[in-house]
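This report concerns only the one structure given below.
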Amino acid sequence: MLVIYNDPQLQGALPQAETDGMMRDCLAHADDLRRSGQLTESQMLEGVETAKSVRIRNGRTEITDGPFSEAKEVLGGFNLIEAKDMNEAVQIAREFPWARTGCVEVRPVRDIGTVRRRVGAPD
């Protein structure tokens with residue numbers, strides 16, 4: 001999975017035309033990956049100002065506005081891809097323009113079916 005983090009200050013400092021161009025490049029790259037069968041799913045998240053964080057501690061529920069911690073970069077979206085190995089996944093991540101104004105985290109997805117079987121949960 002490619003997890004996209006954006007730095008709102010870096011992104012906000014760019015002219016709108018440049019940000020729009022980056023988005024067009026991102027969408028074109030995603031379209032190419034989808035056609036090749038490497039992109040399974042891709043979604044953007046709304047801004048952190050729309051988020052709620054839910055925590056339960058000692059039986060008490062706490063709901064707060066915004067992300068769960070102060071961070072320079074915030075979660076902006078994800079791309080679920082198919083890659084033969086981590087090297088190929090990193091190469092794919094390098095093509096997303098958000099690596100220039102934030103971070104594209106590359107992380108293998110754990111097979112939930114294997115976890116279900118291990119813990120004895122029904123399918």
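Residue numbering restarts at 1 in every chain; chains get A, B, ... in the order shown in the structure tokens, and ligands count up from 1 in that same order.
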
Between region 29-66 of chain A and region 95-104 of chain A, at 12 Å or less, what are the per-residue closest atom pairs and their distances in Å? Count only C-alpha atoms, order by chain and rising residue number, and return it as a tab-separated table.
residue	atom	partner	partner_atom	distance
A:His29	CA	A:Phe96	CA	7.2
A:Ala30	CA	A:Phe96	CA	8.5
A:Asp31	CA	A:Phe96	CA	11.9
A:Asp32	CA	A:Glu95	CA	11.2
A:Leu33	CA	A:Glu95	CA	10.7

Grab the CA of Asn79 (chain A) to CA of Val48 (chain A) distance for me, in Å with one decimal place.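 Those two atoms sit 18.5 Å apart.
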
When DSSP is applied to the backbone of this structure, which of chain A are assigned helix (DSSP H, G or I)? Write them out as a PyMOL selection string. chain A and resi 8-13+16-36+48-50+86-94+97-100+112-119

Mind listing the strand (DSSP E) residues of chain A, per DSSP on the backbone, as a VMD selection string? chain A and resid 2 to 6 39 to 44 52 to 57 60 to 65 74 to 81 102 to 106

Would you mind exporting the chosen residues as an mmCIF file, in the first residue's frame, restricted to N, CA and C atoms?
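New file again_14.cif:
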data_model
loop_
_atom_site.group_PDB
_atom_site.id
_atom_site.type_symbol
_atom_site.label_atom_id
_atom_site.label_comp_id
_atom_site.auth_asym_id
_atom_site.auth_seq_id
_atom_site.Cartn_x
_atom_site.Cartn_y
_atom_site.Cartn_z
ATOM 1 N N LEU A 2 0.520 2.197 -0.780
ATOM 2 C CA LEU A 2 1.197 3.481 -0.779
ATOM 3 C C LEU A 2 0.324 4.440 0.017
ATOM 4 N N VAL A 3 0.835 4.895 1.145
ATOM 5 C CA VAL A 3 0.101 5.804 2.008
ATOM 6 C C VAL A 3 0.658 7.203 1.759
ATOM 7 N N ILE A 4 -0.213 8.119 1.384
ATOM 8 C CA ILE A 4 0.202 9.460 0.981
ATOM 9 C C ILE A 4 0.077 10.425 2.155
ATOM 10 N N TYR A 5 1.179 11.075 2.495
ATOM 11 C CA TYR A 5 1.191 12.133 3.509
ATOM 12 C C TYR A 5 1.546 13.436 2.810
ATOM 13 N N ASN A 6 0.833 14.484 3.151
ATOM 14 C CA ASN A 6 1.090 15.796 2.564
ATOM 15 C C ASN A 6 1.507 16.778 3.645
ATOM 16 N N LEU A 39 -2.738 -1.090 -10.041
ATOM 17 C CA LEU A 39 -3.472 -0.277 -9.071
ATOM 18 C C LEU A 39 -4.823 -0.923 -8.818
ATOM 19 N N THR A 40 -5.051 -1.313 -7.576
ATOM 20 C CA THR A 40 -6.295 -1.948 -7.177
ATOM 21 C C THR A 40 -7.321 -0.927 -6.724
ATOM 22 N N GLU A 41 -6.883 0.042 -5.923
ATOM 23 C CA GLU A 41 -7.782 1.052 -5.369
ATOM 24 C C GLU A 41 -6.990 2.308 -5.076
ATOM 25 N N SER A 42 -7.658 3.457 -5.158
ATOM 26 C CA SER A 42 -7.017 4.736 -4.900
ATOM 27 C C SER A 42 -8.077 5.697 -4.379
ATOM 28 N N GLN A 43 -7.809 6.328 -3.241
ATOM 29 C CA GLN A 43 -8.756 7.283 -2.663
ATOM 30 C C GLN A 43 -8.009 8.421 -1.995
ATOM 31 N N MET A 44 -8.631 9.595 -2.024
ATOM 32 C CA MET A 44 -8.130 10.756 -1.289
ATOM 33 C C MET A 44 -8.980 10.925 -0.037
ATOM 34 N N LYS A 52 -12.371 13.325 12.911
ATOM 35 C CA LYS A 52 -12.629 13.085 14.333
ATOM 36 C C LYS A 52 -11.732 11.919 14.740
ATOM 37 N N SER A 53 -11.188 11.997 15.936
ATOM 38 C CA SER A 53 -10.385 10.902 16.480
ATOM 39 C C SER A 53 -11.130 10.304 17.663
ATOM 40 N N VAL A 54 -11.223 8.982 17.696
ATOM 41 C CA VAL A 54 -11.946 8.273 18.755
ATOM 42 C C VAL A 54 -10.953 7.426 19.542
ATOM 43 N N ARG A 55 -10.960 7.610 20.857
ATOM 44 C CA ARG A 55 -10.114 6.803 21.746
ATOM 45 C C ARG A 55 -10.984 6.307 22.898
ATOM 46 N N ILE A 56 -10.730 5.085 23.315
ATOM 47 C CA ILE A 56 -11.397 4.558 24.500
ATOM 48 C C ILE A 56 -10.296 4.159 25.476
ATOM 49 N N ARG A 57 -10.331 4.782 26.644
ATOM 50 C CA ARG A 57 -9.351 4.517 27.692
ATOM 51 C C ARG A 57 -10.110 4.296 28.994
ATOM 52 N N ARG A 60 -13.792 4.809 29.030
ATOM 53 C CA ARG A 60 -14.337 6.119 28.673
ATOM 54 C C ARG A 60 -13.994 6.435 27.226
ATOM 55 N N THR A 61 -15.001 6.897 26.482
ATOM 56 C CA THR A 61 -14.812 7.275 25.090
ATOM 57 C C THR A 61 -14.490 8.754 25.003
ATOM 58 N N GLU A 62 -13.446 9.073 24.247
ATOM 59 C CA GLU A 62 -13.056 10.459 24.011
ATOM 60 C C GLU A 62 -13.055 10.688 22.509
ATOM 61 N N ILE A 63 -13.785 11.718 22.077
ATOM 62 C CA ILE A 63 -13.841 12.076 20.660
ATOM 63 C C ILE A 63 -13.298 13.495 20.537
ATOM 64 N N THR A 64 -12.260 13.638 19.707
ATOM 65 C CA THR A 64 -11.656 14.957 19.511
ATOM 66 C C THR A 64 -11.678 15.310 18.033
ATOM 67 N N ASP A 65 -11.632 16.596 17.765
ATOM 68 C CA ASP A 65 -11.558 17.068 16.386
ATOM 69 C C ASP A 65 -10.145 16.894 15.857
ATOM 70 N N VAL A 74 0.311 15.259 7.047
ATOM 71 C CA VAL A 74 -0.952 14.637 7.406
ATOM 72 C C VAL A 74 -1.360 13.617 6.347
ATOM 73 N N LEU A 75 -2.082 12.605 6.785
ATOM 74 C CA LEU A 75 -2.543 11.555 5.887
ATOM 75 C C LEU A 75 -3.491 12.147 4.858
ATOM 76 N N GLY A 76 -3.175 11.941 3.576
ATOM 77 C CA GLY A 76 -3.980 12.516 2.508
ATOM 78 C C GLY A 76 -4.723 11.500 1.671
ATOM 79 N N GLY A 77 -4.271 10.251 1.672
ATOM 80 C CA GLY A 77 -4.932 9.233 0.869
ATOM 81 C C GLY A 77 -4.094 7.979 0.778
ATOM 82 N N PHE A 78 -4.539 7.061 -0.080
ATOM 83 C CA PHE A 78 -3.808 5.807 -0.240
ATOM 84 C C PHE A 78 -3.990 5.262 -1.641
ATOM 85 N N ASN A 79 -3.074 4.404 -2.019
ATOM 86 C CA ASN A 79 -3.147 3.663 -3.280
ATOM 87 C C ASN A 79 -2.813 2.221 -2.968
ATOM 88 N N LEU A 80 -3.719 1.321 -3.264
ATOM 89 C CA LEU A 80 -3.466 -0.099 -3.079
ATOM 90 C C LEU A 80 -2.957 -0.631 -4.407
ATOM 91 N N ILE A 81 -1.700 -1.076 -4.417
ATOM 92 C CA ILE A 81 -1.063 -1.502 -5.660
ATOM 93 C C ILE A 81 -0.646 -2.964 -5.584
ATOM 94 N N GLY A 102 5.518 15.971 0.476
ATOM 95 C CA GLY A 102 5.133 15.201 1.656
ATOM 96 C C GLY A 102 5.918 13.914 1.691
ATOM 97 N N CYS A 103 5.200 12.818 1.735
ATOM 98 C CA CYS A 103 5.834 11.506 1.844
ATOM 99 C C CYS A 103 4.883 10.465 1.258
ATOM 100 N N VAL A 104 5.441 9.510 0.561
ATOM 101 C CA VAL A 104 4.669 8.349 0.122
ATOM 102 C C VAL A 104 5.251 7.153 0.870
ATOM 103 N N GLU A 105 4.528 6.680 1.854
ATOM 104 C CA GLU A 105 4.973 5.534 2.653
ATOM 105 C C GLU A 105 4.611 4.260 1.908
ATOM 106 N N VAL A 106 5.550 3.357 1.785
ATOM 107 C CA VAL A 106 5.335 2.076 1.111
ATOM 108 C C VAL A 106 5.306 1.003 2.194
#

Which value, in Å to one decimal, gives the distance between CA of Gly66 (chain A) and CA of Ala51 (chain A)?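 For CA of Gly66 (chain A) relative to CA of Ala51 (chain A), the distance reads 4.6 Å.
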